[in-house]
Structures are given as C-alpha cells and as structure tokens.
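Enquirer: Next up, start_32.txt (compact mmCIF, C-alpha atoms and all ligand atoms).
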```txt
# COMPACT_ATOMS: atom_id res chain seq x y z
CA MET A 1295 12.44 208.81 -188.11
CA LEU A 1296 13.16 209.85 -184.53
CA LYS A 1297 9.83 208.70 -183.10
CA GLY A 1298 10.13 207.79 -179.44
CA LYS A 1299 13.64 209.24 -179.12
CA GLU A 1300 14.45 211.41 -176.11
CA ILE A 1301 16.91 214.15 -176.98
CA VAL A 1302 18.48 216.68 -174.65
CA LEU A 1303 19.46 219.79 -176.62
CA GLY A 1304 21.99 221.95 -174.80
CA VAL A 1305 22.27 225.54 -175.97
CA THR A 1306 25.25 227.64 -174.91
CA GLY A 1307 25.98 231.34 -175.25
CA GLY A 1308 27.00 232.13 -178.78
CA ILE A 1309 25.45 234.15 -181.55
CA ALA A 1310 24.63 230.87 -183.33
CA ALA A 1311 22.16 230.07 -180.51
CA TYR A 1312 19.34 231.15 -182.81
CA LYS A 1313 20.22 228.28 -185.16
CA ALA A 1314 19.42 225.84 -182.35
CA VAL A 1315 15.80 226.84 -182.91
CA GLU A 1316 15.93 225.45 -186.44
CA LEU A 1317 17.61 222.29 -185.18
CA LEU A 1318 14.87 221.89 -182.55
CA ARG A 1319 12.21 222.19 -185.25
CA LEU A 1320 13.88 219.51 -187.37
CA LEU A 1321 14.10 217.18 -184.38
CA THR A 1322 10.48 217.61 -183.26
CA LYS A 1323 9.25 217.31 -186.84
CA ALA A 1324 11.04 213.96 -187.05
CA GLY A 1325 9.14 212.80 -183.95
CA ALA A 1326 11.72 213.28 -181.17
CA ASN A 1327 10.82 214.51 -177.70
CA VAL A 1328 13.31 217.29 -177.05
CA ARG A 1329 14.19 218.81 -173.69
CA VAL A 1330 16.20 221.99 -173.98
CA VAL A 1331 18.82 222.95 -171.43
CA MET A 1332 20.13 226.52 -171.69
CA THR A 1333 23.15 228.02 -170.01
CA ALA A 1334 22.87 231.46 -168.43
CA ASN A 1335 24.86 232.96 -171.31
CA ALA A 1336 22.59 231.33 -173.90
CA MET A 1337 19.67 233.25 -172.40
CA GLU A 1338 21.47 236.50 -173.24
CA PHE A 1339 21.09 235.59 -176.91
CA ILE A 1340 17.67 233.99 -177.09
CA ALA A 1341 14.64 233.70 -174.82
CA PRO A 1342 13.77 230.31 -173.30
CA LEU A 1343 10.16 230.87 -174.33
CA THR A 1344 11.07 230.22 -177.98
CA PHE A 1345 12.46 226.77 -177.15
CA GLN A 1346 9.66 226.05 -174.71
CA THR A 1347 6.98 226.81 -177.28
CA LEU A 1348 8.60 224.77 -180.03
CA SER A 1349 9.62 221.79 -177.89
CA MET A 1350 6.34 221.76 -175.94
CA ASN A 1351 8.43 221.03 -172.86
CA PRO A 1352 9.65 223.31 -170.07
CA VAL A 1353 13.12 224.68 -170.74
CA HIS A 1354 15.71 223.79 -168.13
CA THR A 1355 17.94 226.66 -167.16
CA ASP A 1356 18.70 226.41 -163.51
CA MET A 1357 20.42 223.76 -161.45
CA PHE A 1358 18.52 224.67 -158.33
CA ASN A 1359 15.09 225.61 -159.62
CA LEU A 1360 12.86 223.86 -157.10
CA ILE A 1361 9.78 223.73 -159.30
CA SER A 1362 11.47 222.20 -162.30
CA GLU A 1363 13.77 220.12 -160.08
CA ARG A 1364 10.68 218.49 -158.65
CA GLU A 1365 9.54 217.64 -162.15
CA ILE A 1366 12.85 216.55 -163.61
CA SER A 1367 16.36 216.69 -162.23
CA HIS A 1368 19.66 216.78 -164.09
CA ILE A 1369 20.00 213.09 -163.30
CA SER A 1370 16.72 212.12 -164.88
CA LEU A 1371 17.49 214.36 -167.86
CA ALA A 1372 20.78 212.51 -168.20
CA ASP A 1373 19.20 209.09 -167.71
CA ARG A 1374 16.28 209.55 -170.07
CA ALA A 1375 18.31 210.89 -172.98
CA ASP A 1376 19.01 208.72 -176.00
CA ILE A 1377 21.47 211.41 -177.04
CA LEU A 1378 22.67 214.71 -175.66
CA VAL A 1379 23.44 217.37 -178.26
CA ILE A 1380 25.07 220.73 -177.59
CA ALA A 1381 24.52 223.20 -180.42
CA PRO A 1382 26.11 225.65 -180.45
CA ALA A 1383 28.91 224.47 -178.15
CA THR A 1384 31.27 227.29 -177.17
CA ALA A 1385 35.00 226.82 -176.58
CA SER A 1386 34.23 227.41 -172.93
CA VAL A 1387 31.70 224.58 -172.52
CA ILE A 1388 34.00 222.23 -174.46
CA GLY A 1389 36.87 223.18 -172.15
CA LYS A 1390 34.69 222.66 -169.12
CA ILE A 1391 33.55 219.20 -170.22
CA ALA A 1392 37.12 218.21 -171.11
CA ALA A 1393 38.26 219.27 -167.65
CA GLY A 1394 35.47 217.33 -165.95
CA ILE A 1395 33.86 220.43 -164.50
CA ALA A 1396 30.19 220.13 -163.64
CA ASP A 1397 29.07 223.47 -162.26
CA ASP A 1398 25.77 224.18 -163.99
CA LEU A 1399 22.81 222.18 -165.22
CA LEU A 1400 24.22 221.49 -168.70
CA SER A 1401 27.71 220.44 -167.67
CA THR A 1402 26.28 218.34 -164.82
CA THR A 1403 23.90 216.60 -167.21
CA VAL A 1404 26.80 215.86 -169.61
CA MET A 1405 28.83 214.44 -166.72
CA ALA A 1406 25.94 212.29 -165.54
CA THR A 1407 24.78 210.83 -168.84
CA ARG A 1408 25.67 207.51 -170.35
CA ALA A 1409 24.10 208.48 -173.66
CA PRO A 1410 26.25 209.57 -176.61
CA VAL A 1411 27.12 213.27 -176.54
CA LEU A 1412 27.34 215.19 -179.81
CA LEU A 1413 29.00 218.60 -179.82
CA ALA A 1414 28.48 221.17 -182.57
CA PRO A 1415 31.11 223.86 -181.88
CA ALA A 1416 30.80 227.48 -182.96
CA MET A 1417 33.36 230.16 -182.14
CA ASN A 1418 35.81 232.73 -183.45
CA VAL A 1419 38.44 231.33 -185.84
CA ASN A 1420 41.35 232.13 -183.51
CA MET A 1421 39.65 230.36 -180.63
CA TYR A 1422 38.98 227.41 -182.97
CA GLN A 1423 42.67 227.22 -183.86
CA ASN A 1424 43.86 227.70 -180.29
CA PRO A 1425 45.98 224.67 -179.26
CA LEU A 1426 44.16 224.49 -175.91
CA TYR A 1427 40.83 224.09 -177.70
CA ARG A 1428 42.34 221.52 -180.10
CA GLU A 1429 43.70 219.51 -177.16
CA ASN A 1430 40.32 219.57 -175.48
CA VAL A 1431 38.65 218.28 -178.64
CA GLU A 1432 41.26 215.52 -179.04
CA LYS A 1433 40.72 214.47 -175.45
CA LEU A 1434 36.94 214.40 -175.79
CA ARG A 1435 37.16 212.44 -179.06
CA ARG A 1436 39.34 209.87 -177.29
CA HIS A 1437 36.59 209.53 -174.70
CA GLY A 1438 33.98 208.88 -177.36
CA PHE A 1439 32.41 212.34 -177.67
CA LEU A 1440 31.07 213.00 -181.16
CA PHE A 1441 31.65 216.25 -183.05
CA VAL A 1442 29.99 218.00 -185.97
CA GLU A 1443 32.82 220.19 -187.17
CA PRO A 1444 32.08 223.87 -187.80
CA VAL A 1445 32.46 225.26 -191.32
CA LYS A 1446 34.34 228.16 -192.88
CA GLY A 1447 32.52 231.40 -193.40
CA MET A 1448 31.96 234.96 -192.33
CA LEU A 1449 31.87 234.93 -188.52
CA ALA A 1450 29.72 237.20 -186.40
CA CYS A 1451 32.86 238.73 -184.86
CA GLY A 1452 33.88 240.07 -188.27
CA TRP A 1453 36.61 237.49 -188.91
CA GLU A 1454 36.43 235.05 -191.77
CA GLY A 1455 37.42 231.43 -191.31
CA GLU A 1456 36.51 228.21 -189.55
CA GLY A 1457 34.20 228.43 -186.59
CA LYS A 1458 30.74 228.87 -188.09
CA LEU A 1459 28.16 226.44 -186.70
CA GLN A 1460 27.47 223.61 -189.13
CA ASP A 1461 24.16 223.85 -190.98
CA PRO A 1462 21.37 222.58 -188.65
CA VAL A 1463 20.26 220.16 -191.40
CA PHE A 1464 23.66 218.48 -191.23
CA ILE A 1465 23.69 218.48 -187.41
CA PHE A 1466 20.31 216.76 -187.65
CA GLU A 1467 21.81 214.17 -190.04
CA GLU A 1468 24.63 213.50 -187.55
CA ILE A 1469 22.11 213.03 -184.74
CA VAL A 1470 20.12 210.53 -186.79
CA ALA A 1471 23.37 208.77 -187.74
CA ALA A 1472 24.50 208.65 -184.10
CA LEU A 1473 21.19 207.04 -183.11
CA SER A 1474 21.24 204.49 -185.95
CA VAL A 1475 22.43 200.93 -185.68
CA LYS A 1476 25.77 200.73 -187.48
CA ASP A 1477 25.01 197.46 -189.22
CA LEU A 1478 26.72 198.59 -192.44
CA ALA A 1479 30.01 199.55 -190.76
CA GLY A 1480 32.91 198.35 -192.89
CA GLU A 1481 30.82 198.20 -196.08
CA GLN A 1482 31.66 200.24 -199.18
CA VAL A 1483 28.38 201.08 -200.84
CA LEU A 1484 28.20 202.38 -204.40
CA ILE A 1485 24.96 203.97 -205.58
CA THR A 1486 23.94 205.57 -208.87
CA ALA A 1487 21.08 208.05 -209.04
CA GLY A 1488 19.20 210.44 -211.24
CA PRO A 1489 18.92 210.61 -214.99
CA THR A 1490 21.71 210.95 -217.49
CA ARG A 1491 21.66 213.72 -220.06
CA GLU A 1492 22.74 213.14 -223.63
CA GLU A 1493 23.45 216.33 -225.54
CA ILE A 1494 22.22 216.93 -229.05
CA ASP A 1495 23.72 220.41 -229.31
CA PRO A 1496 24.65 223.12 -226.77
CA VAL A 1497 20.99 223.84 -225.94
CA ARG A 1498 19.19 220.50 -226.32
CA PHE A 1499 19.48 217.07 -224.77
CA LEU A 1500 17.78 213.67 -224.35
CA SER A 1501 16.92 212.71 -220.79
CA ASN A 1502 14.09 211.40 -218.58
CA HIS A 1503 12.00 212.33 -215.54
CA SER A 1504 14.19 210.73 -212.86
CA SER A 1505 14.61 213.08 -209.86
CA GLY A 1506 17.31 211.05 -208.10
CA LYS A 1507 15.28 210.92 -204.86
CA MET A 1508 15.42 207.13 -204.45
CA GLY A 1509 19.19 206.94 -204.92
CA TYR A 1510 19.83 209.89 -202.60
CA ALA A 1511 17.59 208.33 -199.94
CA LEU A 1512 19.60 205.11 -200.22
CA ALA A 1513 22.90 206.99 -199.94
CA MET A 1514 21.73 208.84 -196.82
CA ALA A 1515 20.41 205.67 -195.18
CA ALA A 1516 23.64 203.76 -195.92
CA PHE A 1517 25.71 206.60 -194.42
CA ARG A 1518 23.57 206.65 -191.26
CA ARG A 1519 24.05 202.93 -190.91
CA GLY A 1520 27.83 203.29 -190.94
CA ALA A 1521 28.80 202.53 -194.55
CA ALA A 1522 31.34 204.46 -196.60
CA VAL A 1523 29.13 205.64 -199.43
CA THR A 1524 29.86 206.85 -202.95
CA LEU A 1525 26.99 208.32 -204.90
CA ILE A 1526 27.42 208.75 -208.65
CA SER A 1527 24.70 211.15 -209.65
CA GLY A 1528 23.39 212.42 -212.94
CA PRO A 1529 21.99 215.98 -213.06
CA THR A 1530 19.47 216.51 -210.22
CA CYS A 1531 18.16 219.43 -208.18
CA LEU A 1532 19.12 217.71 -204.91
CA ASP A 1533 21.94 218.79 -202.60
CA ASP A 1534 24.87 216.42 -202.07
CA PRO A 1535 23.84 214.17 -199.17
CA TYR A 1536 25.73 214.78 -195.93
CA GLY A 1537 28.57 212.35 -195.22
CA VAL A 1538 28.47 210.83 -198.71
CA GLU A 1539 31.13 211.15 -201.40
CA THR A 1540 29.10 212.50 -204.30
CA VAL A 1541 30.42 212.43 -207.85
CA ARG A 1542 28.43 214.45 -210.36
CA VAL A 1543 28.27 213.24 -213.96
CA VAL A 1544 26.16 214.17 -216.95
CA THR A 1545 26.20 211.48 -219.63
CA ALA A 1546 25.83 207.69 -219.49
CA GLU A 1547 29.43 207.30 -220.61
CA GLU A 1548 30.65 209.57 -217.78
CA MET A 1549 28.51 207.60 -215.34
CA ARG A 1550 29.99 204.35 -216.62
CA SER A 1551 33.60 205.46 -216.15
CA ALA A 1552 32.88 206.86 -212.67
CA VAL A 1553 31.08 203.64 -211.64
CA LEU A 1554 33.87 201.42 -212.99
CA GLY A 1555 36.39 203.54 -211.06
CA TYR A 1556 34.64 202.80 -207.76
CA PHE A 1557 33.19 199.31 -208.29
CA GLY A 1558 36.47 197.54 -207.53
CA LYS A 1559 36.50 198.64 -203.89
CA SER A 1560 32.73 198.32 -203.34
CA SER A 1561 31.10 195.50 -201.42
CA ILE A 1562 27.51 196.51 -202.25
CA ALA A 1563 26.34 198.31 -205.41
CA ILE A 1564 22.81 199.57 -205.99
CA MET A 1565 22.04 201.12 -209.36
CA THR A 1566 18.98 203.36 -209.19
CA ALA A 1567 19.95 205.67 -212.06
CA ALA A 1568 17.65 205.98 -215.04
CA VAL A 1569 20.44 205.77 -217.57
CA ALA A 1570 19.49 206.99 -221.04
CA ASP A 1571 19.59 203.93 -223.28
CA TYR A 1572 20.59 205.96 -226.35
CA ARG A 1573 22.63 209.05 -227.18
CA PRO A 1574 22.75 211.09 -230.37
CA MET A 1575 25.28 209.68 -232.83
CA THR A 1576 26.87 213.10 -233.16
CA ARG A 1577 26.78 216.17 -230.96
CA SER A 1578 26.67 219.42 -232.84
CA GLY A 1579 29.07 222.07 -231.54
CA GLU A 1580 26.62 224.81 -232.53
CA LYS A 1581 22.91 225.10 -232.01
CA ILE A 1582 21.19 223.23 -234.83
CA LYS A 1583 19.12 225.73 -236.82
CA LYS A 1584 15.61 224.84 -237.88
CA LYS A 1585 16.45 225.29 -241.53
CA ASP A 1586 19.38 222.83 -241.26
CA ALA A 1587 17.63 220.19 -239.17
CA THR A 1588 16.42 216.91 -240.59
CA ASN A 1589 13.39 215.07 -239.24
CA THR A 1590 15.41 212.19 -237.88
CA LEU A 1591 17.85 212.05 -235.02
CA GLN A 1592 20.46 209.32 -235.42
CA LEU A 1593 21.02 207.48 -232.13
CA VAL A 1594 23.56 205.00 -230.84
CA LYS A 1595 23.14 202.68 -227.89
CA ASN A 1596 24.70 203.62 -224.55
CA PRO A 1597 26.61 201.01 -222.56
CA ASP A 1598 24.47 199.06 -220.06
CA ILE A 1599 26.46 199.84 -216.91
CA LEU A 1600 24.59 197.41 -214.67
CA ALA A 1601 24.98 194.52 -217.12
CA GLU A 1602 28.74 195.18 -217.19
CA LEU A 1603 28.89 195.11 -213.40
CA GLY A 1604 26.96 191.83 -213.44
CA VAL A 1605 29.77 190.24 -215.44
CA MET A 1606 32.53 191.43 -213.12
CA LYS A 1607 30.68 191.31 -209.77
CA GLU A 1608 32.44 188.29 -208.15
CA ASP A 1609 31.23 188.23 -204.52
CA ARG A 1610 29.92 191.81 -204.48
CA LEU A 1611 26.22 192.25 -203.89
CA LEU A 1612 24.52 193.90 -206.83
CA ALA A 1613 21.02 195.35 -207.06
CA GLY A 1614 19.25 197.17 -209.86
CA PHE A 1615 15.97 198.93 -210.39
CA ALA A 1616 13.44 198.21 -213.09
CA ALA A 1617 11.18 201.04 -214.08
CA GLU A 1618 8.27 199.49 -215.94
CA THR A 1619 4.86 200.51 -217.18
CA ASP A 1620 3.62 196.99 -218.02
CA ASN A 1621 4.32 193.31 -217.21
CA LEU A 1622 6.21 194.48 -214.13
CA GLN A 1623 7.20 191.17 -212.61
CA GLU A 1624 8.03 189.43 -215.85
CA ASN A 1625 10.19 192.27 -217.22
CA ALA A 1626 11.96 192.83 -213.91
CA GLY A 1627 12.64 189.09 -213.49
CA GLU A 1628 14.16 188.99 -216.96
CA LYS A 1629 16.47 191.95 -216.09
CA LEU A 1630 17.48 190.27 -212.81
CA ARG A 1631 18.66 187.17 -214.68
CA ARG A 1632 20.15 188.92 -217.73
CA LYS A 1633 22.16 191.39 -215.63
CA ASN A 1634 23.22 188.76 -213.04
CA LEU A 1635 21.78 190.66 -210.05
CA ASP A 1636 21.16 189.55 -206.48
CA MET A 1637 18.02 191.64 -206.24
CA ILE A 1638 15.93 193.91 -208.43
CA VAL A 1639 13.55 196.58 -207.22
CA ALA A 1640 10.64 196.65 -209.63
CA ASN A 1641 8.44 199.69 -209.77
CA ASP A 1642 5.47 200.38 -211.94
CA VAL A 1643 6.21 204.02 -212.72
CA SER A 1644 2.71 204.54 -214.09
CA SER A 1645 0.97 203.72 -210.79
CA GLU A 1646 0.03 206.41 -208.28
CA GLY A 1647 2.58 207.12 -205.53
CA ALA A 1648 5.36 205.35 -207.41
CA GLY A 1649 8.25 206.23 -209.66
CA PHE A 1650 9.76 209.55 -210.63
CA ALA A 1651 9.82 212.83 -208.70
CA VAL A 1652 7.49 211.74 -205.85
CA ASP A 1653 8.56 211.06 -202.25
CA THR A 1654 6.88 207.66 -202.12
CA ASN A 1655 7.30 204.43 -204.02
CA VAL A 1656 5.42 201.16 -204.50
CA VAL A 1657 7.69 198.28 -205.43
CA LYS A 1658 8.18 194.56 -205.58
CA LEU A 1659 11.53 193.08 -204.63
CA LEU A 1660 12.62 190.13 -206.76
CA PHE A 1661 15.41 187.78 -205.71
CA ARG A 1662 17.57 185.21 -207.54
CA ASP A 1663 15.81 182.25 -205.93
CA GLY A 1664 12.49 183.38 -207.39
CA THR A 1665 11.16 184.96 -204.19
CA VAL A 1666 9.02 188.05 -204.75
CA GLU A 1667 8.28 190.50 -201.94
CA ASP A 1668 5.34 192.83 -202.49
CA LEU A 1669 5.76 196.06 -200.52
CA PRO A 1670 3.01 198.59 -199.80
CA MET A 1671 3.33 202.27 -200.70
CA MET A 1672 5.93 203.92 -198.46
CA LEU A 1673 8.33 206.83 -198.30
CA LYS A 1674 11.47 206.44 -200.37
CA SER A 1675 13.45 206.95 -197.15
CA GLU A 1676 11.64 203.94 -195.59
CA LEU A 1677 12.11 201.85 -198.71
CA ALA A 1678 15.82 202.71 -198.67
CA ASP A 1679 16.20 201.03 -195.28
CA ILE A 1680 14.28 197.95 -196.40
CA ILE A 1681 16.48 197.60 -199.50
CA LEU A 1682 19.60 197.85 -197.33
CA ASP A 1683 18.14 195.33 -194.85
CA ARG A 1684 17.64 192.86 -197.69
CA MET A 1685 21.16 193.39 -199.03
CA LEU A 1686 22.55 192.71 -195.57
CA TYR A 1687 20.37 189.63 -195.23
CA LEU A 1688 21.65 188.29 -198.57
CA GLN A 1689 25.23 188.99 -197.52
CA ARG A 1690 24.81 187.22 -194.17
CA ARG A 1691 23.09 184.24 -195.80
CA ARG A 1692 25.91 183.99 -198.33
CA ASP A 1693 28.58 184.20 -195.64
CA ALA A 1694 26.84 181.78 -193.25
N1 LIG B 1 20.95 200.52 -216.33
C1 LIG B 1 22.29 200.78 -216.52
N2 LIG B 1 22.75 201.20 -217.73
C2 LIG B 1 21.89 201.38 -218.78
C3 LIG B 1 20.51 201.13 -218.57
C4 LIG B 1 20.08 200.70 -217.35
O1 LIG B 1 23.08 200.61 -215.58
N3 LIG B 1 22.36 201.80 -219.95
C5 LIG B 1 20.48 200.03 -215.03
C6 LIG B 1 19.59 200.98 -214.28
O2 LIG B 1 20.33 201.78 -213.37
C7 LIG B 1 18.65 200.03 -213.54
C8 LIG B 1 18.58 198.81 -214.42
O3 LIG B 1 19.71 198.88 -215.28
O4 LIG B 1 19.20 199.61 -212.29
C9 LIG B 1 17.34 198.69 -215.25
O5 LIG B 1 17.10 199.87 -215.95
P1 LIG B 1 15.85 200.01 -216.90
O6 LIG B 1 15.93 201.33 -217.60
O7 LIG B 1 14.60 199.64 -216.18
O8 LIG B 1 16.10 198.83 -217.92
P2 LIG B 1 16.86 198.67 -219.25
O9 LIG B 1 17.90 197.63 -219.04
O10 LIG B 1 17.33 199.98 -219.78
O11 LIG B 1 15.73 198.04 -220.18
P3 LIG B 1 14.44 198.72 -220.88
O12 LIG B 1 14.79 200.18 -221.08
O13 LIG B 1 14.32 197.96 -222.12
O14 LIG B 1 13.29 198.50 -219.93
```
Rewrite the structure of this file - the entire thing - as structure tokens.

Expert:
Amino acid sequence: MLKGKEIVLGVTGGIAAYKAVELLRLLTKAGANVRVVMTANAMEFIAPLTFQTLSMNPVHTDMFNLISEREISHISLADRADILVIAPATASVIGKIAAGIADDLLSTTVMATRAPVLLAPAMNVNMYQNPLYRENVEKLRRHGFLFVEPVKGMLACGWEGEGKLQDPVFIFEEIVAALSVKDLAGEQVLITAGPTREEIDPVRFLSNHSSGKMGYALAMAAFRRGAAVTLISGPTCLDDPYGVETVRVVTAEEMRSAVLGYFGKSSIAIMTAAVADYRPMTRSGEKIKKKDATNTLQLVKNPDILAELGVMKEDRLLAGFAAETDNLQENAGEKLRRKNLDMIVANDVSSEGAGFAVDTNVVKLLFRDGTVEDLPMMLKSELADIILDRMLYLQRRRDA
C-alpha cells in the first residue's frame, strides 16, 4: 500500500513516544521506507536503537553529526520525503513550527520540506486547551498542515481529558489518506456491508457467513480517496473504519430504512451486504421451548433494498454484488438488469480465495453495455480500489 513511499517520522519528547514504534511498524509493513528523526527530548523517553532496528535506517538525531550529515542532510531528508509525520508532536514543537523556528534537525526539516506535514499532537489536557496552542494549530491549518486530533482518555500526567495520542492505526490511516489521490473528493458514497440477522426468538436467528470485509475495505478506500462515506453495516466483528460514518443495524428492515435515509444525498452507492432474503413471520418474545416447537418455520420475504434503489436511482451510480455458487455470469447479469444497476461484482463464493470471511476475492465485473471484466485473485483492499476506479470511469463517461 505504501510501497516506494519515503516517509520521515519525527518523534518528539512525550510519553507517547513509545507509540511511534507501533506506527513505524505499520508503515514499514505497508512497504514504506521510513527515516526517523528524533529530538533530544524524545531520546529521554526511548532509545534511537529501537527505531533504527525497526526502520532499518540510521536514526537522525543531530543537526551537526558529521557522519550522518555526510550520508543525508536535513535538506535531502526534506526533499526525499513524500510526507513528514510528527508523532507524537508536543505543544512545544507545534509552537516552534508555527513561529517559523528552525533550530534543530526536526524543525529544520519541517521548514525545508515541500511535502505534506502531518502532526499527531499529544499533551496534557490544559496545554491542549491553552489558547496559545489553539492559535498555533489554527495558523498551521491555514498553511496546509494536516492534523490527527488527539483523543480523550487517561493522560500520563494523571489528568483525564483530551490530549492522548490518537491510536497509531488511525494515524497510519491518515498518512495513507494524505498520500492518496483525492479523485473522489466531493462524492457522497453509500456502502452496505455484512450480513443481516433475523431473529426467531431472543436466542436464535437466521443469518449468513458474510464477514463485512469487502464493504469495509470499500469504505476505507473511498475515505482515503476523499469521499464522504457512510457505511451501513449489519453485525460484524470489524471495528468502525476510520473517517467513515458507520451506522450499525441488525435486520434487513433496519438496513433498508437506514439506506433509504442516506440514498437521497449519495452520488455513488455500492451494496455489498448479504441481506437475508427471508425473516421469520413472527418473532417469539420468549425462547421457544423444544416441546412447543413445530418442525416448520414460517418465513416472509424481506424487501430487496438494491432493487428499490434501482427504481429511484436517477443519475446516481449504483453497484451491487452477486454471491453465486453456479452459473455466475448468467445469474449476475440477470441481477444487473433486474435491479437496474450500473455495475455488478460477481463472485463465485464456492471457489478458493473468494467470498466470505477471507481477505481475498476473485470476481468478474459486469457492466450495463454487456462488458465483462475478469479479475484475478486479489486482496479485498485492492479490489476495493478497482471497483471505485470503475465507478469513477462510468461517472466520467456519463458526464462527458
Ligand atoms: N440485496 C439487497 N436486498 C436484498 C437482497 C439482496 O439489497 N433483500 C442486494 C445485495 O446487497 C447485493 C445484491 O442485492 O448487492 C445481490 O444479492 P444476492 O444475495 O446475490 O442476490 P438476491 O437478489 O438476493 O438473489 P438470490 O438470493 O436469488 O441469488
């Protein structure tokens, strides 16, 4: 995901400095080449050797270190970087940058770079609320600096409140987003994901194997690419994706009303949810006892959400998924026409590396004009970007 990207990770002196280690791991795992710059105070909290070992690069600590200066100066650090991230960023370093002070390697590199700079502040709650700090942040935002806001929590100083470094996973997401092309800026993307759950009684339900992974991958990719994203999710074990408005529902009927509430303002809708086609005709308020149970469960049909959207879509772009075990192309093509879709993603859920609960998928993309695109097995995160590329292509072709 970050293959070939050059990232400068600045670490300043706060107790959260140890969390920069986790961020470094996430970045290198995603393929980035990371060069760590530490301030003198940061080295009071954590040893450079940790960063050096994990980044497989020398750690830069000193403005005037002749050996490392010969290898790489603050200017070449600044020039090479695709992004400069400071995590944690203390109130002091933020103040320094806002004032245009460049008196150590990190602040000089920030001053010299033309790359985007992302700051992840961490500090005591009173410092965070200090008007001088707030003014500095405002000023930096005006100049295009990016921020990952800290969160509320128990702070190392004993106070409780805002000032805790954001979770490194979310800082990572912001870095990826900052490095992504914002080709979906201005789009409102609506995505459904996961299964629905139809209750029989308080302990039993009808559902399916959908994990929600494909829909969540799409939501994350659309956010990175600049869209405002709403994810309507059935019950899954996945965390709400960062930067995405996530609405949790349980039943098909709840999913339908949530989707209809958001569809009006959407420009692109992609329905990946495995909606249960049927629900029990009645839901028992008490657990059904064996002695009272009959052998048949009376079912009624659930609304077909996607088909309803197809009727009211107007100029919105609409895509669905078809989970099939046989006659893939034929069945998916029929759904594309019947539900009035612009594209359908057909996956043979019985084939290896495809379908539910795995991280990969093997699909065919079917379009209104009869075109079929056969895609090889790939990660759901990669497929998410291809699906969004195709939606954008369809939109541009329509608007041309
Ligand atoms: N879908 C939906 N509402 C339903 C059923 C399906 O919105 N009640 C959507 C799914 O989110 C998916 C597409 O329709 O995008 C196709 O779902 P799928 O389960 O493959 O097809 P069905 O229309 O349910 O047909 P069948 O079960 O007969 O294959």

Enquirer: Collect all residues with atoms no farther than 6 Å from ligand LIG 1 (chain B), counting only C-alpha atoms and all ligand atoms, and output them as a list in words.

Expert: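 Residues lying within 6 Å of ligand LIG 1 (chain B): Met1565, Thr1566, Ala1567, Ala1568, Val1569, Asp1571, Asn1596, Pro1597, Asp1598, Ile1599, Leu1600, Gly1614, Phe1615, Ala1616 and Ala1617 of chain A.
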
Enquirer: Give as number ranges by chain the set of residues within 10 Å of the point (2.6, 199.3, -218.8), where distances use the file's coordinates and all atoms listed in the file.

Expert: A: 1617-1622, 1642-1645

Enquirer: Restricting the calculation to only C-alpha atoms, which member of A:Arg1691, A:Lys1559, A:Arg1631, A:Lys1674 is positioned closest to Val1523 of chain A?

Expert: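 The closest residue to Val1523 of chain A is A:Lys1559.
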
Enquirer: Between atom CA of Ser1349 of chain A and atom CA of Gly1394 of chain A, measure the distance and give it in Å to one decimal.

Expert: 28.8 Å

Enquirer: Which residue, A:Leu1400, A:Val1411, A:Ile1494, A:Ala1601, has the smallest gap to Arg1577 of chain A when you use all atoms listed in the file?

Expert: A:Ile1494

Enquirer: So what do you get for atom CA of Ala1396 of chain A versus atom CA of Gln1460 of chain A, distance-wise?

Expert: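 Between atom CA of Ala1396 of chain A and atom CA of Gln1460 of chain A the gap works out to 25.9 Å.
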
Enquirer: Counting all atoms listed in the file, which of A:Asn1420, A:Thr1590, A:Ser1370, A:Ser1386 gets nearest to Thr1333 of chain A?

Expert: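 Using all atoms listed in the file, Thr1333 of chain A sits closest to A:Ser1386.
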
Enquirer: Give me the residues within 8 Å of segment 1634-1638 of chain A as an mmCIF file with C-alpha atoms, in the frame of the given file, counting all atoms listed in the file and dropping any in the same chain fewer than 6 places off.

Expert:
```cif
data_model
loop_
_atom_site.group_PDB
_atom_site.id
_atom_site.type_symbol
_atom_site.label_atom_id
_atom_site.label_comp_id
_atom_site.auth_asym_id
_atom_site.auth_seq_id
_atom_site.Cartn_x
_atom_site.Cartn_y
_atom_site.Cartn_z
ATOM 1 C CA ALA A 1601 24.980 194.520 -217.120
ATOM 2 C CA GLY A 1604 26.960 191.830 -213.440
ATOM 3 C CA VAL A 1605 29.770 190.240 -215.440
ATOM 4 C CA LEU A 1611 26.220 192.250 -203.890
ATOM 5 C CA LEU A 1612 24.520 193.900 -206.830
ATOM 6 C CA ALA A 1613 21.020 195.350 -207.060
ATOM 7 C CA GLY A 1614 19.250 197.170 -209.860
ATOM 8 C CA PHE A 1615 15.970 198.930 -210.390
ATOM 9 C CA ALA A 1616 13.440 198.210 -213.090
ATOM 10 C CA ALA A 1626 11.960 192.830 -213.910
ATOM 11 C CA GLY A 1627 12.640 189.090 -213.490
ATOM 12 C CA LEU A 1659 11.530 193.080 -204.630
ATOM 13 C CA LEU A 1660 12.620 190.130 -206.760
ATOM 14 C CA PHE A 1661 15.410 187.780 -205.710
ATOM 15 C CA ARG A 1662 17.570 185.210 -207.540
#
```
